[in-house]
Structure formats: C-alpha cells, structure tokens
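Heads up, protein-v3.csv below (CSV, C-alpha atoms):
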```csv
chain,number,residue,atom,x,y,z
W,94,MET,CA,-15.8,11.1,34.9
W,95,ILE,CA,-16.7,10.9,31.2
W,96,ILE,CA,-17.5,7.6,29.5
W,97,GLU,CA,-17.9,7.6,25.7
W,98,TYR,CA,-19.2,4.5,24.1
W,99,TRP,CA,-19.7,3.3,20.5
W,100,SER,CA,-22.8,1.2,19.9
W,101,ASP,CA,-25.5,0.2,17.4
W,102,PHE,CA,-29.1,-0.4,18.3
W,103,THR,CA,-29.3,-3.9,16.9
W,104,CYS,CA,-26.1,-5.1,18.7
W,105,PRO,CA,-27.1,-7.4,21.6
W,106,PHE,CA,-23.8,-7.1,23.4
W,107,CYS,CA,-24.1,-3.3,23.3
W,108,TYR,CA,-27.4,-3.4,25.1
W,109,ILE,CA,-26.0,-5.9,27.6
W,110,ALA,CA,-22.8,-4.0,28.2
W,111,GLU,CA,-24.6,-0.7,28.7
W,112,THR,CA,-26.8,-2.3,31.3
W,113,ARG,CA,-23.8,-3.8,33.1
W,114,LEU,CA,-22.0,-0.4,33.0
W,115,ARG,CA,-24.9,1.3,34.7
W,116,LYS,CA,-25.1,-1.4,37.3
W,117,ALA,CA,-21.4,-0.9,38.0
W,118,LEU,CA,-21.8,2.8,38.3
W,119,ALA,CA,-24.7,2.4,40.7
W,120,ASP,CA,-22.8,-0.1,42.8
W,121,LEU,CA,-19.9,2.4,43.1
W,122,ASP,CA,-22.2,5.3,43.7
W,123,LEU,CA,-20.8,7.1,40.7
W,124,THR,CA,-23.9,7.5,38.6
W,125,GLY,CA,-24.3,11.2,39.5
W,126,GLU,CA,-20.6,11.9,38.9
W,127,THR,CA,-20.4,10.3,35.4
W,128,LYS,CA,-21.4,11.6,32.0
W,129,ILE,CA,-22.2,8.9,29.5
W,130,VAL,CA,-21.8,10.0,25.9
W,131,PHE,CA,-23.3,7.9,23.1
W,132,LYS,CA,-21.3,7.4,19.9
W,133,ALA,CA,-22.8,6.0,16.7
W,134,PHE,CA,-21.4,2.9,15.0
W,135,ARG,CA,-23.2,1.0,12.2
W,136,LEU,CA,-22.6,-2.7,12.4
W,137,ASN,CA,-23.6,-3.1,8.8
W,138,PRO,CA,-23.5,0.2,6.8
W,139,GLY,CA,-24.9,-1.6,3.8
W,140,ALA,CA,-27.9,-3.1,5.6
W,141,SER,CA,-31.3,-2.9,3.8
W,142,VAL,CA,-34.1,-0.7,5.1
W,143,THR,CA,-36.5,-3.6,4.3
W,144,PRO,CA,-36.7,-6.5,6.8
W,145,LYS,CA,-35.6,-9.8,5.4
W,146,ARG,CA,-34.5,-12.7,7.6
W,147,ASN,CA,-35.1,-12.7,11.4
W,148,ILE,CA,-32.0,-13.0,13.6
W,149,VAL,CA,-32.0,-16.8,13.8
W,150,GLU,CA,-32.4,-17.1,10.0
W,151,GLY,CA,-29.7,-14.5,9.6
W,152,PHE,CA,-27.3,-16.4,11.8
W,153,ALA,CA,-27.9,-19.6,9.9
W,154,HIS,CA,-27.3,-17.8,6.6
W,155,HIS,CA,-24.3,-15.8,7.7
W,156,TYR,CA,-22.4,-18.5,9.6
W,157,GLY,CA,-23.5,-21.4,7.4
W,158,MET,CA,-25.1,-23.4,10.2
W,159,SER,CA,-28.3,-25.3,10.7
W,160,MET,CA,-31.4,-23.5,12.0
W,161,GLU,CA,-31.1,-25.5,15.1
W,162,ALA,CA,-27.6,-24.5,15.8
W,163,ALA,CA,-28.4,-20.9,15.0
W,164,ALA,CA,-31.4,-20.9,17.3
W,165,ALA,CA,-29.2,-22.3,20.1
W,166,ARG,CA,-26.5,-19.7,19.6
W,167,VAL,CA,-29.1,-16.9,19.6
W,168,GLU,CA,-30.8,-18.3,22.7
W,169,SER,CA,-27.5,-18.2,24.6
W,170,ILE,CA,-27.2,-14.5,23.8
W,171,CYS,CA,-30.9,-14.0,24.9
W,172,ALA,CA,-30.1,-15.8,28.2
W,173,MET,CA,-27.2,-13.4,28.8
W,174,GLY,CA,-29.5,-10.5,28.3
W,175,ARG,CA,-32.3,-11.9,30.5
W,176,GLY,CA,-29.7,-12.6,33.1
W,177,GLU,CA,-29.3,-8.8,33.3
W,178,GLY,CA,-33.0,-8.4,33.9
W,179,LEU,CA,-33.7,-7.4,30.3
W,180,ASP,CA,-36.8,-8.3,28.2
W,181,PHE,CA,-34.6,-9.9,25.5
W,182,ASN,CA,-36.3,-11.3,22.4
W,183,TYR,CA,-33.4,-11.2,20.0
W,184,GLY,CA,-34.2,-14.2,17.9
W,185,THR,CA,-37.5,-12.9,16.6
W,186,ALA,CA,-36.1,-9.4,15.7
W,187,HIS,CA,-35.2,-8.3,12.2
W,188,ALA,CA,-32.0,-6.4,11.6
W,189,THR,CA,-32.2,-3.6,9.2
W,190,SER,CA,-30.4,-0.3,8.5
W,191,THR,CA,-30.0,1.8,11.7
W,192,PHE,CA,-28.7,4.9,9.9
W,193,ASP,CA,-31.8,7.0,10.4
W,194,ALA,CA,-32.2,5.9,14.0
W,195,LEU,CA,-28.6,6.8,14.7
W,196,ARG,CA,-29.1,10.2,13.0
W,197,MET,CA,-32.1,10.7,15.3
W,198,ALA,CA,-30.0,9.8,18.3
W,199,LYS,CA,-27.4,12.5,17.3
W,200,PHE,CA,-30.3,15.0,17.0
W,201,ALA,CA,-31.4,14.0,20.5
W,202,GLN,CA,-27.9,14.6,21.7
W,203,SER,CA,-28.0,18.1,20.2
W,204,LYS,CA,-30.9,18.7,22.6
W,205,GLY,CA,-29.0,17.4,25.6
W,206,ASN,CA,-27.0,14.4,26.6
W,207,ASP,CA,-29.7,13.0,29.0
W,208,ILE,CA,-32.3,13.2,26.1
W,209,CYS,CA,-29.9,11.2,23.9
W,210,ASN,CA,-29.4,8.6,26.6
W,211,ARG,CA,-33.1,8.2,27.0
W,212,PHE,CA,-33.4,7.8,23.2
W,213,VAL,CA,-30.8,5.1,23.3
W,214,ASP,CA,-32.6,3.2,26.0
W,215,LEU,CA,-35.9,3.4,24.2
W,216,ALA,CA,-34.2,2.3,20.9
W,217,TYR,CA,-32.8,-0.8,22.6
W,218,GLU,CA,-36.2,-1.6,24.1
W,219,ALA,CA,-37.9,-1.1,20.8
W,220,PHE,CA,-35.6,-3.6,19.0
W,221,PHE,CA,-34.9,-6.2,21.6
W,222,SER,CA,-38.2,-6.2,23.6
W,223,LYS,CA,-40.8,-5.2,21.1
W,224,ASN,CA,-39.0,-6.3,17.9
W,225,LEU,CA,-39.8,-3.1,16.1
W,226,ILE,CA,-38.1,-2.4,12.8
W,227,MET,CA,-35.3,0.2,13.4
W,228,SER,CA,-35.4,1.5,9.9
W,229,ASP,CA,-39.2,2.2,10.1
W,230,ARG,CA,-40.1,5.9,10.1
W,231,GLU,CA,-42.9,5.5,12.7
W,232,THR,CA,-40.6,3.4,15.0
W,233,ILE,CA,-38.0,6.2,15.0
W,234,LEU,CA,-40.5,9.0,15.5
W,235,GLY,CA,-42.2,7.1,18.3
W,236,ILE,CA,-38.8,6.8,20.1
W,237,ALA,CA,-38.1,10.4,19.4
W,238,GLU,CA,-41.4,11.5,21.0
W,239,GLY,CA,-40.9,9.1,23.9
W,240,CYS,CA,-37.6,10.8,24.9
W,241,GLY,CA,-39.2,14.3,24.6
W,242,LEU,CA,-38.3,15.4,21.1
W,243,ASP,CA,-40.8,17.5,19.1
W,244,ARG,CA,-42.3,15.3,16.4
W,245,ALA,CA,-42.3,18.0,13.7
W,246,GLU,CA,-38.6,18.6,14.3
W,247,ALA,CA,-37.9,14.9,14.2
W,248,GLU,CA,-39.8,14.6,10.9
W,249,GLU,CA,-37.6,17.4,9.5
W,250,VAL,CA,-34.5,15.5,10.5
W,251,LEU,CA,-35.6,12.3,8.8
W,252,ASP,CA,-36.7,14.2,5.7
W,253,SER,CA,-33.6,16.3,5.4
W,254,GLY,CA,-30.8,13.8,6.1
W,255,ALA,CA,-29.6,16.0,8.9
W,256,PHE,CA,-27.1,14.6,11.4
W,257,SER,CA,-25.6,12.2,8.8
W,258,ALA,CA,-22.3,14.0,9.3
W,259,GLU,CA,-22.4,13.5,13.1
W,260,VAL,CA,-22.9,9.7,12.6
W,261,GLU,CA,-20.1,9.5,10.1
W,262,ARG,CA,-17.9,11.6,12.4
W,263,ASP,CA,-18.4,9.1,15.3
W,264,GLU,CA,-17.6,6.3,12.9
W,265,ALA,CA,-14.5,8.0,11.7
W,266,GLU,CA,-13.3,8.5,15.2
W,267,ALA,CA,-13.9,4.8,15.9
W,268,SER,CA,-11.8,4.0,12.8
W,269,MET,CA,-9.0,6.2,14.1
W,270,LEU,CA,-9.1,4.3,17.4
W,271,GLY,CA,-8.8,1.0,15.4
W,272,LEU,CA,-12.3,-0.1,16.3
W,273,SER,CA,-13.9,-2.7,14.1
W,274,ALA,CA,-16.5,-4.0,16.6
W,275,VAL,CA,-18.8,-2.7,19.3
W,276,PRO,CA,-19.4,-2.1,22.1
W,277,PHE,CA,-16.4,-0.1,23.1
W,278,PHE,CA,-16.1,2.2,26.1
W,279,ALA,CA,-13.5,4.9,26.5
W,280,ILE,CA,-13.2,6.2,30.1
W,281,ASN,CA,-11.7,9.7,30.6
W,282,HIS,CA,-9.8,9.2,27.3
W,283,ALA,CA,-7.4,6.9,29.2
W,284,TYR,CA,-9.0,3.5,29.6
W,285,GLY,CA,-10.7,1.4,26.9
W,286,ILE,CA,-13.1,-1.5,27.6
W,287,PRO,CA,-14.0,-3.6,24.5
W,288,GLY,CA,-17.0,-5.8,24.6
W,289,ALA,CA,-19.6,-6.8,27.1
W,290,VAL,CA,-17.4,-7.4,30.1
W,291,ASP,CA,-19.0,-8.4,33.4
W,292,VAL,CA,-20.0,-5.9,36.1
W,293,ARG,CA,-16.9,-6.8,38.2
W,294,ASP,CA,-14.5,-5.9,35.4
W,295,PHE,CA,-16.4,-2.6,34.7
W,296,LYS,CA,-16.1,-1.7,38.4
W,297,ARG,CA,-12.4,-2.5,38.5
W,298,VAL,CA,-11.6,-0.2,35.6
W,299,LEU,CA,-14.0,2.5,36.8
W,300,MET,CA,-12.5,2.6,40.2
W,301,ARG,CA,-9.0,3.0,38.8
W,302,ALA,CA,-10.1,5.8,36.5
W,303,TYR,CA,-12.1,7.6,39.2
W,304,SER,CA,-9.2,7.3,41.7
W,305,GLU,CA,-6.8,8.9,39.2
W,306,GLU,CA,-9.3,11.6,38.5
W,307,GLU,CA,-9.7,12.3,42.2
W,308,ALA,CA,-5.9,12.4,42.6
W,309,GLU,CA,-5.6,14.9,39.8
W,310,SER,CA,-8.2,17.2,41.4
W,311,VAL,CA,-6.5,17.2,44.8
W,312,SER,CA,-4.0,19.9,45.6
W,313,GLY,CA,-1.8,20.1,48.7
W,314,ALA,CA,1.0,22.1,50.2
W,315,VAL,CA,4.3,22.1,48.2
W,316,CYS,CA,7.8,23.5,48.4
W,317,GLY,CA,9.5,25.2,45.5
W,318,PRO,CA,12.1,27.9,44.6
W,319,ASP,CA,9.9,30.6,46.2
W,320,GLY,CA,9.4,28.7,49.5
W,321,CYS,CA,6.8,26.4,50.9
W,322,GLY,CA,3.1,27.0,50.9
W,323,PRO,CA,-0.2,26.1,49.3
W,324,LYS,CA,0.0,24.6,45.9
W,325,SER,CA,-0.2,27.3,43.2
W,326,THR,CA,-2.9,27.0,40.5
```

Spell out the structure here as structure tokens.
Amino acid sequence: MIIEYWSDFTCPFCYIAETRLRKALADLDLTGETKIVFKAFRLNPGASVTPKRNIVEGFAHHYGMSMEAAAARVESICAMGRGEGLDFNYGTAHATSTFDALRMAKFAQSKGNDICNRFVDLAYEAFFSKNLIMSDRETILGIAEGCGLDRAEAEEVLDSGAFSAEVERDEAEASMLGLSAVPFFAINHAYGIPGAVDVRDFKRVLMRAYSEEEAESVSGAVCGPDGCGPKST
C-alpha cells in the first residue's frame, strides 16, 4: 500500500495527522506493508526567513483577536498534539519560510524514502518540541545530519538552490488535485483523507484500501472460451 501525503513542517495538524496515521497502521499491523511518501506543500510561500511574531502573536494578528483568545486557541491545538503523546510547544514557536527545509527533505528523499521520513520526523520535532527556526541554515543542516545525510552535500544543496523544482512539482500536483490546505493523504491513488482525522477514521479507510489491494492481488480458477483452469496472467 502506498500513502502519499502533503505537509508543511510548521503545520500543527500535519504533525498530529502523521502521528495518528502511524498509530492506525501499527494497530492494523500494516506498517511493514505500507510505503509513506512525503510531498512538499508551503502553507505560506511568501513567508519571511526572519522570525517575527510567535504563533500566539501571529494568531492574534491574523485573525484579529485578543492575545487571550489567541492563546486559548493555540493551547487547544497544543492539547490535541499532547493527546497524541507529542512534546507540543506550538505557541512559542516562530513560523518562517520552510522552502529550504522542504528542499532538503526532497534531497533526503533522493537518498531513500526512509531517510526522507526520518528527516520529516526530525523537522517536526525541531519546530514543535524545540521551537527551532525552520529557515535557519544550522537548523536544517542539523536535521540533515540527524537523518544520516552528509553535511557537505547538504550544504551544497542549500547553496545551490537544488531541489526547488521538486518542491514546486509537489505543489503543482497538489494544485491539480484541488488542494488548498494540508495535511492531505492519498492512499493507493484511490482514497483521499483531508485533515487530521482521528485514528479510527484512518483505520476505516486504510482497511478498505488494503482489502481492495488484496483482492486485486488474488487470482483464482476461471472459465473462459478456451475452457476452465487457473487464471491466466
């Protein structure tokens, strides 16, 4: 089974949803039979590389609400993340451009899907747990080294602008699918799951997709114009 999902590293519901997906796969004993493929999606393509407001301040500014109301809304998101067992410090983080981090994720993917998934996990942790700045060069290089990438090669990627096209290609694909928000999960190119649904809903769709995949892979005896016998391939 193949699951492609579009995400950004500063998206709280992306982190929560990916965690729930992995729990659902583990509960169904499908982890080893599933390939999870990361797709890049910038929540704010025009975001600054320089930190400005923290998330609570940003909520207050963007939604025109008081700081108290913004803090309450952000805390409700944090509680959702902590409910999944995550070290979730969203309110004190600073959202910046994630373009270079996403480029590095695609570089990691070029070295192997498992390496990319490790990069993604470390990127979420860096932002939500440690409140590191995702546009910062040392932050990105630290994550790259943490998932096993060569630092010198990673530095070349950052300096050259490499893998920009891969990020933009993922975003173009999302646009063709009509996506304007993340997370979004595509299972076997047949089922779509938008948003941070709960584990139960993930399991329901995963079971349906897997059962259809199993049915497609099973062959049995058939009868045709040439007689009856094993199914031809």

Could you make a table, as JSON lines, of the residues of range 233-273 of chain W that have an atom within 8 Å of an atom of range 212-216 of chain W, each with its nearest atom pair and distance in Å to one decimal, counting all atoms listed in the file, in chain and number order?
```
{"residue": "W:Ile236", "atom": "CA", "partner": "W:Leu215", "partner_atom": "CA", "distance": 6.1}
{"residue": "W:Ala237", "atom": "CA", "partner": "W:Phe212", "partner_atom": "CA", "distance": 6.6}
{"residue": "W:Gly239", "atom": "CA", "partner": "W:Leu215", "partner_atom": "CA", "distance": 7.6}
{"residue": "W:Cys240", "atom": "CA", "partner": "W:Phe212", "partner_atom": "CA", "distance": 5.4}
```

*asked:* I want to know what sits within 6 Å of range 219-226 of chain W, based on all atoms listed in the file, with residues of the same chain fewer than 5 positions away left out; could you give that as a list in words?
replied: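 In the requested format, the answer is Asp180, Phe181, Asn182, Tyr183 and Ala186 of chain W.
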
_Two-atom distance - CA of Thr103 in chain W, CA of Arg115 in chain W (Å)_ = 19.1 Å

_Exercise: residues within 12 Å of coordinate (-25.9, 1.8, 18.5), counting only C-alpha atoms, as a PyMOL selection string_ = chain W and resi 98-111+130-137+190-199+209-210+212-217+220+227+260+263-264+274-277

*asked:* Using only C-alpha atoms for the distances, tell me which of W:Glu97, W:Asp291, W:Glu305, W:Glu126 is nearest to Leu114 in chain W.
replied: W:Asp291

*Which polymer residues, protein or nucleic acid, are no farther than 10 Å from (-34.8, 17.5, 13.9), counting only C-alpha atoms, as a PyMOL selection string?*
chain W and resi 196-197+199-201+203-204+237+242-256

_Nearest-residue call for Ile280 in chain W, choices W:Met160, W:Leu234, W:Leu123, W:Ala302, using all atoms listed in the file_ =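 When distances to Ile280 in chain W are compared using all atoms listed in the file, the smallest one comes from W:Ala302.
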
*Long-range neighbours of range 149-154 of chain W as a PyMOL selection string, 8 Å cut-off, only C-alpha atoms, 4 positions minimum in chain*: chain W and resi 158-160+162-164+167+184-185

*Rounded to one decimal in Å, what is the spacing between CA of Arg146 in chain W and CA of Ala165 in chain W?*
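These atoms are spaced 16.6 Å apart.
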
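Taking CA of Cys171 in chain W and CA of Ala289 in chain W as the two end points, the separation is 13.6 Å.
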
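Nearest residue to His187 in chain W, choosing from W:Ala140, W:Leu118, W:Val290, W:Met300 and counting all atoms listed in the file: W:Ala140.
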
*Which one of W:Phe295, W:Pro138, W:Glu259, W:Tyr156 sits closest to Asp120 in chain W if you count only C-alpha atoms?*
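With only C-alpha atoms as the atom set, the closest residue is W:Phe295.
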
*Quick one: of W:Lys145, W:Asn281, W:Lys116, W:Glu168, who's nearest to Lys128 in chain W, counting only C-alpha atoms?*
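Using only C-alpha atoms, Lys128 in chain W sits closest to W:Asn281.
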
*With all atoms listed in the file as the basis for distance, which of W:Thr189, W:His155, W:Thr112, W:Glu266 is at the shortest distance from Gly174 in chain W?*
W:Thr112

Could I get range 157-286 of chain W from the block written as a short mmCIF file (atom, residue, chain, number, x, y, z; two decimals), in the first residue's frame, with C-alpha atoms?
```
data_model
loop_
_atom_site.label_atom_id
_atom_site.label_comp_id
_atom_site.auth_asym_id
_atom_site.auth_seq_id
_atom_site.Cartn_x
_atom_site.Cartn_y
_atom_site.Cartn_z
CA GLY W 157 -7.93 39.96 14.62
CA MET W 158 -8.45 38.50 18.08
CA SER W 159 -7.17 39.35 21.52
CA MET W 160 -3.97 37.79 22.80
CA GLU W 161 -6.01 35.90 25.38
CA ALA W 162 -8.30 34.42 22.74
CA ALA W 163 -5.34 33.60 20.51
CA ALA W 164 -3.53 31.88 23.38
CA ALA W 165 -6.63 29.81 24.14
CA ARG W 166 -7.00 28.72 20.52
CA VAL W 167 -3.33 27.78 20.24
CA GLU W 168 -3.47 25.91 23.54
CA SER W 169 -6.38 23.82 22.25
CA ILE W 170 -4.19 22.76 19.32
CA CYS W 171 -1.31 22.01 21.69
CA ALA W 172 -3.61 19.88 23.83
CA MET W 173 -4.57 17.90 20.72
CA GLY W 174 -0.90 17.24 19.99
CA ARG W 175 -0.08 16.32 23.56
CA GLY W 176 -3.03 13.97 23.50
CA GLU W 177 -1.14 12.00 20.84
CA GLY W 178 1.92 11.81 23.08
CA LEU W 179 3.82 14.60 21.33
CA ASP W 180 6.01 17.21 23.00
CA PHE W 181 3.97 20.04 21.54
CA ASN W 182 5.09 23.63 22.19
CA TYR W 183 3.34 25.36 19.31
CA GLY W 184 2.58 28.72 20.92
CA THR W 185 6.22 29.66 21.49
CA ALA W 186 7.37 28.69 18.01
CA HIS W 187 8.03 31.21 15.22
CA ALA W 188 6.73 30.42 11.73
CA THR W 189 9.13 31.35 8.93
CA SER W 190 9.76 30.23 5.37
CA THR W 191 10.08 26.45 5.09
CA PHE W 192 11.25 26.40 1.49
CA ASP W 193 14.87 25.46 2.21
CA ALA W 194 13.79 22.82 4.73
CA LEU W 195 11.40 21.34 2.17
CA ARG W 196 14.17 21.36 -0.45
CA MET W 197 16.34 19.43 1.97
CA ALA W 198 13.53 16.95 2.57
CA LYS W 199 13.35 16.28 -1.16
CA PHE W 200 17.13 15.85 -1.21
CA ALA W 201 16.75 13.32 1.62
CA GLN W 202 14.07 11.57 -0.44
CA SER W 203 16.52 11.25 -3.32
CA LYS W 204 18.70 9.21 -0.95
CA GLY W 205 15.87 6.91 0.09
CA ASN W 206 12.28 7.15 1.25
CA ASP W 207 13.13 6.03 4.78
CA ILE W 208 15.76 8.76 5.07
CA CYS W 209 13.19 11.33 3.99
CA ASN W 210 10.66 10.12 6.53
CA ARG W 211 13.31 10.38 9.23
CA PHE W 212 14.07 13.93 8.09
CA VAL W 213 10.38 14.81 8.31
CA ASP W 214 10.09 13.40 11.83
CA LEU W 215 13.12 15.37 12.98
CA ALA W 216 11.83 18.53 11.31
CA TYR W 217 8.52 18.30 13.17
CA GLU W 218 10.37 17.74 16.42
CA ALA W 219 12.70 20.67 15.74
CA PHE W 220 9.81 23.07 15.23
CA PHE W 221 7.16 21.87 17.67
CA SER W 222 9.28 20.49 20.50
CA LYS W 223 12.43 22.59 20.33
CA ASN W 224 10.99 25.71 18.64
CA LEU W 225 13.94 25.92 16.25
CA ILE W 226 13.70 28.31 13.32
CA MET W 227 12.92 26.29 10.20
CA SER W 228 14.53 28.80 7.84
CA ASP W 229 17.80 28.73 9.79
CA ARG W 230 20.72 27.15 7.98
CA GLU W 231 22.12 25.37 11.04
CA THR W 232 18.70 24.04 11.97
CA ILE W 233 18.29 22.49 8.53
CA LEU W 234 21.81 21.11 8.45
CA GLY W 235 21.38 19.65 11.93
CA ILE W 236 18.25 17.83 10.83
CA ALA W 237 20.01 16.65 7.67
CA GLU W 238 22.89 15.20 9.67
CA GLY W 239 20.45 13.66 12.13
CA CYS W 240 18.81 11.60 9.41
CA GLY W 241 22.13 10.44 8.01
CA LEU W 242 22.79 12.91 5.21
CA ASP W 243 26.32 14.08 4.50
CA ARG W 244 26.77 17.64 5.78
CA ALA W 245 28.92 18.76 2.86
CA GLU W 246 26.33 17.52 0.36
CA ALA W 247 23.56 19.18 2.36
CA GLU W 248 25.47 22.46 2.33
CA GLU W 249 25.77 22.23 -1.45
CA VAL W 250 22.01 21.77 -1.71
CA LEU W 251 21.33 24.87 0.37
CA ASP W 252 23.88 26.96 -1.53
CA SER W 253 22.78 25.86 -4.99
CA GLY W 254 19.02 26.05 -4.76
CA ALA W 255 18.83 22.39 -5.75
CA PHE W 256 15.55 20.51 -5.36
CA SER W 257 13.49 23.67 -5.75
CA ALA W 258 11.83 22.10 -8.78
CA GLU W 259 10.90 19.01 -6.76
CA VAL W 260 9.15 21.14 -4.13
CA GLU W 261 7.33 23.11 -6.80
CA ARG W 262 6.36 19.89 -8.59
CA ASP W 263 4.74 18.56 -5.42
CA GLU W 264 2.85 21.81 -5.01
CA ALA W 265 1.73 21.76 -8.64
CA GLU W 266 0.43 18.24 -8.14
CA ALA W 267 -1.48 19.41 -5.08
CA SER W 268 -2.98 22.22 -7.11
CA MET W 269 -4.10 19.77 -9.79
CA LEU W 270 -5.81 17.75 -7.07
CA GLY W 271 -7.58 20.90 -5.92
CA LEU W 272 -5.75 21.07 -2.60
CA SER W 273 -5.54 24.40 -0.82
CA ALA W 274 -4.84 23.10 2.69
CA VAL W 275 -2.84 20.37 4.38
CA PRO W 276 -2.50 17.69 5.54
CA PHE W 277 -3.90 15.59 2.74
CA PHE W 278 -3.35 11.86 2.39
CA ALA W 279 -3.79 9.92 -0.87
CA ILE W 280 -3.99 6.15 -0.43
CA ASN W 281 -3.24 3.97 -3.44
CA HIS W 282 -4.28 6.87 -5.69
CA ALA W 283 -7.86 5.93 -4.83
CA TYR W 284 -8.76 7.34 -1.42
CA GLY W 285 -8.20 10.83 -0.10
CA ILE W 286 -8.15 11.84 3.56
#
```
